Amino acid sequence: MPLPRGADLRRRAALSRHHPGTGRVRDSLCAHPRHARGHPQRGRSQRALAAGAPRPARGRRRRGVAGAWRRRRPARSVHRPARPPHRSPHQPPRDRAAPGRVATDPDGDPGLGRGAQGPRHRGRAAGPAGLRADHGRGRRRRGAGARQGRRGMTLALGIDLGTSGVKSVLVDERDHVVAEAAAPIPMSRPRPLWCEQEPQDWWSATAATLDALHAAAPRAMAGVGAIGLSGQMLGVTCLDAAGQPLRPAILWNDGRAEAECAAVEAAAPDFAGLVGCRAMVGFPAPKLLWLARHEPAALDQSRHILLPKDYLRLRLTGEVASDLADASATLLMDTRAGTWSADLLAACGLRPEQMPALLASHAISGVVLPELAARWGLPPGTPVVGGAGDNMCGGVGAGIVAAGLASISLGTSGVYFLANDAFLPARGGGMHTHRHAVEGLFAQNGCILSAGAALEWVAQLVGAEDAGRLVAQVEAAGLPVTETPVFTPYLAGERTPHDDAGLTGAFSGLTARTTRLHLAQAVLEGVALALADCHAALASTGAAIHRASLVGGGAKSRLWSTLVASAVNMPLGRSNTAAVGPALGAARLARLGVGGPLLAEADHTEDWILPDGGIAEALAAKRARFARHLALR
């Protein structure tokens with residue numbers, strides 16, 4: 001359509017910025033007669049010119065340069081060239097700046113393109129390889145009804161495959177959870193120290209959560225722009241050429257491969273310097289060597305060796321891939337280089353072609369299969385990004401995206417996660433260093449194997465139907481820490497700081513007055529003391545811990561949060577999204593993958609949990625007995 005001339009055409013830079021590809025506007029263009037002053041149809045849009053169409057709302061009056069009042073004309077559309085059929089909808093327009101180049105407007109002037117605008121103007125950050133998403137032009141709509149802008153995504157779907165269940169959340173562009181669903185996953189312990197799950201159970205639980213989201217929020221599902229994956233780490237999944245599991249997956253808390261750790265470390269002169277830590281029970285490399293020794297047929301027949309969340313990716317997209325962060329914890333990768341190590345693969349009886357391709361956590365790995373997109377009401381071709389392990393995604397969900405920031409996760413296990421901009425390999429103390437999901441950062445980790453798992457155990461022990469209700473009863477009772485027993489949560493051995501699969505849990509200080517609530521609170525205290533051990537181990541490396549936040553389902557308990565803050569003796573932040581941390585982190589990575597910001601501009605309310613002096617003193621008094629439990633095996 002012809003463009004009006006006049007004052008608006010003097011702002012060619014702004015016009016080009018909001019309508020890339022229009023190029024220069026010739027000064028010889030003439031306005032349509034209906035734009036002339038006094039014309040009866042002046043100010044009406046093309047659509048409104050139809051017979052009988054209502055007159056559009058007039059623009060807001062504003063003061064002009066000369067001080068007189070004038071009326072702002074409604075914005076008019078400008079023709080944009082159609083996208084060539086061979087170009088992906090996620091491919092950036094040709095006028096966008098390539099990585100490393102200065103963005104320019106169509107006239108060649110620097111700094112006027114949309115890619116050069118700051119976050120206060122654009123509200124979006126650069127994605128991978130310079131990708132930027134269009135999230136609607138002009139003023140952005142707000143509110144629950146504004147689920148999808150004029151163009152681009154406003155909703156991201158995060159899927160977190162945990163040990164006890166799957167949680168899926170829909171997150172809007174301000175990081176508010178629009179809808180969420182969860183489904184449980186059974187676990188099998190066929191022998192002492194063994195812990196396994198069926199990969200089909202992972203998929204069934206994931207599908208159940210997405211079915212529930214589609215039923216509860218179909219319009220929101222139709223507005224999903226990308227999907228991110230988070231998952232329990234260190235699991236080993238062996239698949240045949242058809243993608244079918246050859247055996248149950250061996251989980252992160254499986255302790256069968258202790259004898260294989262020394263052989264794995266011998267495969268490299270500086271093993272910890274290469275992968276980030278020593279070989280420890282539960283990590284994939286020793287478990288794969290155990291399979292090579294005890295179940296060689298299963299390993300030989302494996303066409304793909306995948307981590308748990310990457311099995312979900314295969315089922316969602318048909319693609320075999322993994323992200324650099326999760327894969328760096330397999331002990332099979334050169335962590336700094338971001339590549340599989342041929343020597344380590346050979347030492348574990350693996351072939352390079354059995355391993356998945358590696359990509360960044362925010363990179364697009366594939367799109368949802370058409371039949372699944374139709375089942376859940378997702379837009380056709382919805383991209384799925386690389387994602388990360390639940391520790392890394394939990395960090396992203398807690399805003400741990402800069403060096404010196406830390407998170408403490410109260411999930412099935414307890415994880416102390418510290419971001420660092422330097423690669424500091426862990427050479428003892430049960431600590432481990434991996435790549436973070438945020439490019440340029442590494443993650444130092446301390447881990448206790450039983451946190452929420454210990455709470456679930458004691459709930460079953462005392463006959464409680466629900467662990468959450470048991471914690472609520474404990475909080476209501478207000479039991480003094482001085483009256484509770486001492487408990488060590490080593491129900492599956494311990495990693496940090498002991499690296500000992502043979503450690504066992506124990507109670508001490510039981511009396512005739514000890515009740516079920518005393519036992520439950522003792523478990524919460526024992527987990528807090530174990531996390532304090534992780535804090536001390538990480539601090540001993542010289543790493544600076546500027547700020548820490550709580551994430552995971554256990555963070556919903558104020559008592560448990562206060563116990564942890566008092567044990568580590570530092571304030572801990574607790575956001576209103578702490579319970580969905582890994583799923584939120586996966587959704588944030590998905591948004592980044594299609595050109596949005598990693599973190600939303602809105603600040604979420606954060607509740608700071610302060611150490612309690614009386615609790616801290618009582619826990620310190622229990623420290624000696626807590627340490628003596630190490631002699632009980």
# chains A, B, ... in the order shown; residues from 1 in each chain; ligands from 1
>>> residues_around(residues="Gln460 (chain A)", least_positions_apart="4", cutoff="12 Å", atoms="only C-alpha atoms", output="PDB file with N, CA and C atoms, in the first residue's frame")
ATOM      1  N   ALA A 453      14.775 -38.206  49.821  1.00  0.00           N
ATOM      2  CA  ALA A 453      14.656 -39.662  49.921  1.00  0.00           C
ATOM      3  C   ALA A 453      14.664 -40.105  51.379  1.00  0.00           C
ATOM      4  N   ALA A 454      15.461 -39.431  52.218  1.00  0.00           N
ATOM      5  CA  ALA A 454      15.481 -39.759  53.644  1.00  0.00           C
ATOM      6  C   ALA A 454      14.158 -39.385  54.308  1.00  0.00           C
ATOM      7  N   LEU A 455      13.578 -38.268  53.885  1.00  0.00           N
ATOM      8  CA  LEU A 455      12.283 -37.866  54.435  1.00  0.00           C
ATOM      9  C   LEU A 455      11.195 -38.867  54.050  1.00  0.00           C
ATOM     10  N   GLU A 456      11.194 -39.299  52.797  1.00  0.00           N
ATOM     11  CA  GLU A 456      10.222 -40.310  52.372  1.00  0.00           C
ATOM     12  C   GLU A 456      10.409 -41.611  53.154  1.00  0.00           C
ATOM     13  N   ALA A 464       3.385 -42.613  58.144  1.00  0.00           N
ATOM     14  CA  ALA A 464       2.739 -41.409  57.620  1.00  0.00           C
ATOM     15  C   ALA A 464       2.317 -41.645  56.174  1.00  0.00           C
ATOM     16  N   GLU A 465       1.120 -41.215  55.830  1.00  0.00           N
ATOM     17  CA  GLU A 465       0.631 -41.403  54.473  1.00  0.00           C
ATOM     18  C   GLU A 465       1.291 -40.454  53.493  1.00  0.00           C
ATOM     19  N   ASP A 466       1.679 -39.282  53.958  1.00  0.00           N
ATOM     20  CA  ASP A 466       2.241 -38.276  53.068  1.00  0.00           C
ATOM     21  C   ASP A 466       3.373 -37.555  53.782  1.00  0.00           C
ATOM     22  N   ALA A 467       4.541 -37.472  53.136  1.00  0.00           N
ATOM     23  CA  ALA A 467       5.696 -36.833  53.765  1.00  0.00           C
ATOM     24  C   ALA A 467       5.458 -35.345  53.984  1.00  0.00           C
ATOM     25  N   LEU A 470       3.487 -34.866  57.061  1.00  0.00           N
ATOM     26  CA  LEU A 470       4.312 -35.153  58.226  1.00  0.00           C
ATOM     27  C   LEU A 470       5.177 -33.941  58.578  1.00  0.00           C
ATOM     28  N   ARG A 516       7.328 -40.092  66.850  1.00  0.00           N
ATOM     29  CA  ARG A 516       7.467 -40.090  65.381  1.00  0.00           C
ATOM     30  C   ARG A 516       7.844 -38.701  64.867  1.00  0.00           C
ATOM     31  N   LEU A 519      11.578 -38.156  65.356  1.00  0.00           N
ATOM     32  CA  LEU A 519      12.355 -38.855  64.329  1.00  0.00           C
ATOM     33  C   LEU A 519      12.331 -38.084  63.016  1.00  0.00           C
ATOM     34  N   ALA A 520      11.162 -37.577  62.636  1.00  0.00           N
ATOM     35  CA  ALA A 520      11.047 -36.844  61.377  1.00  0.00           C
ATOM     36  C   ALA A 520      11.880 -35.565  61.413  1.00  0.00           C
TER      37      ALA A 520
END
>>> closest_atom_pairs(of="region 306-399 of chain A", to="region 237-247 of chain A", cutoff="9 Å", atoms="only C-alpha atoms", output="JSON lines")
{"residue": "A:Leu306", "atom": "CA", "partner": "A:Thr237", "partner_atom": "CA", "distance": 5.1}
{"residue": "A:Leu307", "atom": "CA", "partner": "A:Thr237", "partner_atom": "CA", "distance": 6.1}
{"residue": "A:Pro308", "atom": "CA", "partner": "A:Thr237", "partner_atom": "CA", "distance": 6.7}
{"residue": "A:Tyr311", "atom": "CA", "partner": "A:Thr237", "partner_atom": "CA", "distance": 7.7}
{"residue": "A:Leu314", "atom": "CA", "partner": "A:Gly243", "partner_atom": "CA", "distance": 8.0}
{"residue": "A:Arg315", "atom": "CA", "partner": "A:Gly243", "partner_atom": "CA", "distance": 8.7}
>>> atom_distance(atom1="CA of Cys447 (chain A)", atom2="CA of Gly468 (chain A)")
22.5 Å
>>> residues_around(residues="Ile305 (chain A)", least_positions_apart="4", cutoff="12 Å", atoms="only C-alpha atoms", output="PyMOL selection string")
chain A and resi 234-241+243-247+249-250+284-285+287-288+291+298-301+309-311+314+320-322+327+330+332+345+349-357
>>> write_last_selection(atoms="N, CA and C atoms", output="compact mmCIF listing (two decimals), in the first residue's frame")
# COMPACT_ATOMS: atom_id res chain seq x y z
N LEU A 234 23.25 -38.67 35.43
CA LEU A 234 24.13 -39.83 35.63
C LEU A 234 23.47 -41.16 35.31
N GLY A 235 22.22 -41.19 34.89
CA GLY A 235 21.58 -42.45 34.54
C GLY A 235 22.11 -43.02 33.23
N VAL A 236 22.14 -44.34 33.13
CA VAL A 236 22.62 -45.03 31.93
C VAL A 236 21.46 -45.76 31.27
N THR A 237 21.15 -45.39 30.03
CA THR A 237 20.05 -45.99 29.28
C THR A 237 20.62 -46.61 28.01
N CYS A 238 20.46 -47.91 27.86
CA CYS A 238 20.97 -48.64 26.70
C CYS A 238 19.81 -48.95 25.75
N LEU A 239 19.91 -48.49 24.50
CA LEU A 239 18.85 -48.67 23.52
C LEU A 239 19.36 -49.43 22.30
N ASP A 240 18.46 -50.22 21.69
CA ASP A 240 18.83 -50.91 20.46
C ASP A 240 18.61 -49.98 19.26
N ALA A 241 18.79 -50.52 18.05
CA ALA A 241 18.68 -49.70 16.85
C ALA A 241 17.28 -49.13 16.66
N GLY A 243 15.50 -48.00 19.11
CA GLY A 243 15.22 -47.09 20.20
C GLY A 243 14.56 -47.74 21.40
N GLN A 244 14.56 -49.08 21.45
CA GLN A 244 13.92 -49.79 22.56
C GLN A 244 14.96 -50.10 23.65
N PRO A 245 14.59 -49.91 24.92
CA PRO A 245 15.53 -50.21 26.00
C PRO A 245 15.90 -51.69 26.04
N LEU A 246 17.19 -51.95 26.23
CA LEU A 246 17.68 -53.33 26.32
C LEU A 246 17.67 -53.84 27.75
N ARG A 247 17.59 -52.95 28.71
CA ARG A 247 17.56 -53.30 30.12
C ARG A 247 17.05 -52.08 30.88
N ALA A 249 17.17 -48.79 33.17
CA ALA A 249 18.20 -47.77 33.32
C ALA A 249 18.82 -47.86 34.71
N ILE A 250 20.15 -47.68 34.76
CA ILE A 250 20.87 -47.67 36.05
C ILE A 250 20.97 -46.22 36.51
N PRO A 284 28.23 -42.40 35.25
CA PRO A 284 28.03 -43.32 34.12
C PRO A 284 29.25 -44.14 33.73
N ALA A 285 30.44 -43.55 33.72
CA ALA A 285 31.61 -44.30 33.23
C ALA A 285 31.85 -45.59 34.02
N LYS A 287 29.71 -47.31 35.72
CA LYS A 287 28.58 -48.21 35.51
C LYS A 287 28.63 -48.85 34.12
N LEU A 288 29.09 -48.12 33.13
CA LEU A 288 29.22 -48.70 31.80
C LEU A 288 30.32 -49.75 31.77
N LEU A 291 28.83 -52.81 33.15
CA LEU A 291 28.05 -53.52 32.12
C LEU A 291 28.97 -54.29 31.18
N ALA A 298 24.44 -56.79 26.51
CA ALA A 298 23.60 -55.59 26.51
C ALA A 298 24.37 -54.39 25.97
N LEU A 299 25.64 -54.28 26.34
CA LEU A 299 26.43 -53.15 25.87
C LEU A 299 26.77 -53.29 24.39
N ASP A 300 27.08 -54.51 23.93
CA ASP A 300 27.41 -54.71 22.52
C ASP A 300 26.21 -54.43 21.62
N GLN A 301 25.00 -54.78 22.09
CA GLN A 301 23.82 -54.58 21.27
C GLN A 301 23.29 -53.15 21.32
N LYS A 309 17.05 -37.71 30.40
CA LYS A 309 16.25 -36.71 29.70
C LYS A 309 16.42 -36.82 28.18
N ASP A 310 17.57 -37.36 27.74
CA ASP A 310 17.79 -37.51 26.30
C ASP A 310 16.95 -38.64 25.72
N TYR A 311 16.54 -39.59 26.56
CA TYR A 311 15.56 -40.57 26.11
C TYR A 311 14.22 -39.89 25.84
N LEU A 314 14.46 -38.24 22.49
CA LEU A 314 14.29 -39.20 21.40
C LEU A 314 12.81 -39.50 21.16
N VAL A 320 18.64 -38.07 18.31
CA VAL A 320 19.57 -38.58 19.31
C VAL A 320 20.60 -37.48 19.57
N ALA A 321 20.54 -36.87 20.73
CA ALA A 321 21.45 -35.77 21.06
C ALA A 321 21.50 -35.60 22.57
N SER A 322 22.52 -34.90 23.03
CA SER A 322 22.64 -34.54 24.43
C SER A 322 23.26 -33.16 24.51
N ALA A 327 26.15 -33.97 29.70
CA ALA A 327 27.13 -34.95 29.23
C ALA A 327 28.47 -34.81 29.93
N THR A 330 29.25 -37.36 32.70
CA THR A 330 29.35 -38.79 32.43
C THR A 330 30.74 -39.34 32.74
N LEU A 332 33.05 -39.16 30.66
CA LEU A 332 33.49 -39.67 29.36
C LEU A 332 33.87 -38.54 28.41
N LEU A 345 36.16 -43.56 26.31
CA LEU A 345 35.14 -44.43 25.72
C LEU A 345 35.68 -45.84 25.56
N GLY A 349 34.63 -49.77 27.16
CA GLY A 349 34.06 -50.71 26.21
C GLY A 349 33.04 -50.10 25.27
N LEU A 350 33.16 -48.80 25.00
CA LEU A 350 32.20 -48.10 24.15
C LEU A 350 32.81 -47.73 22.81
N ARG A 351 31.95 -47.57 21.81
CA ARG A 351 32.34 -47.09 20.50
C ARG A 351 31.83 -45.66 20.33
N PRO A 352 32.56 -44.79 19.66
CA PRO A 352 32.12 -43.39 19.51
C PRO A 352 30.74 -43.25 18.89
N GLU A 353 30.40 -44.15 17.96
CA GLU A 353 29.09 -44.03 17.30
C GLU A 353 27.93 -44.35 18.22
N GLN A 354 28.20 -44.92 19.38
CA GLN A 354 27.12 -45.18 20.34
C GLN A 354 26.72 -43.93 21.12
N MET A 355 27.56 -42.90 21.08
CA MET A 355 27.32 -41.71 21.89
C MET A 355 26.54 -40.66 21.09
N PRO A 356 25.71 -39.87 21.75
CA PRO A 356 24.90 -38.88 21.05
C PRO A 356 25.73 -37.66 20.64
N ALA A 357 25.20 -36.93 19.67
CA ALA A 357 25.80 -35.65 19.30
C ALA A 357 25.63 -34.67 20.44
>>> closest_residue(among="A:Val527, A:Leu289, A:Leu584, A:Ala506", to="Ala600 (chain A)", atoms="only C-alpha atoms")
A:Leu584
>>> residues_around(residues="Gly255 (chain A)", least_positions_apart="6", cutoff="12 Å", atoms="only C-alpha atoms", output="ChimeraX atom specification")
/A:189,191-196,261,280-284,286-287,290,449,491-495,499-503
>>> write_last_selection(atoms="C-alpha atoms", output="compact mmCIF listing (two decimals), in the first residue's frame")
# COMPACT_ATOMS: atom_id res chain seq x y z
CA ARG A 189 15.88 -51.91 43.97
CA ARG A 191 19.55 -56.06 44.82
CA PRO A 192 21.49 -54.30 47.57
CA LEU A 193 23.05 -51.06 46.26
CA TRP A 194 21.14 -51.35 42.96
CA CYS A 195 18.65 -48.72 41.84
CA GLU A 196 16.87 -48.88 38.48
CA CYS A 261 36.22 -46.67 39.60
CA MET A 280 32.93 -42.10 41.80
CA VAL A 281 30.20 -44.67 42.30
CA GLY A 282 26.99 -43.68 40.57
CA PHE A 283 28.61 -41.90 37.63
CA PRO A 284 28.03 -43.32 34.12
CA PRO A 286 32.08 -46.85 36.06
CA LYS A 287 28.58 -48.21 35.51
CA TRP A 290 30.41 -52.69 35.00
CA LEU A 449 22.59 -38.86 48.14
CA LEU A 491 20.89 -44.44 53.49
CA ALA A 492 22.59 -45.07 50.13
CA GLY A 493 26.18 -44.32 51.11
CA GLU A 494 27.45 -40.77 50.74
CA ARG A 495 29.25 -38.74 48.12
CA ASP A 499 32.89 -40.56 48.73
CA ASP A 500 31.98 -43.82 50.47
CA ALA A 501 29.26 -46.11 49.12
CA GLY A 502 29.46 -48.25 52.25
CA LEU A 503 28.29 -45.64 54.75
>>> atom_distance(atom1="CA of Ala212 (chain A)", atom2="CA of Arg375 (chain A)")
11.4 Å
>>> closest_residue(among="A:Gly411, A:Pro611, A:Gly526, A:Gly596", to="Ala565 (chain A)", atoms="only C-alpha atoms")
A:Pro611
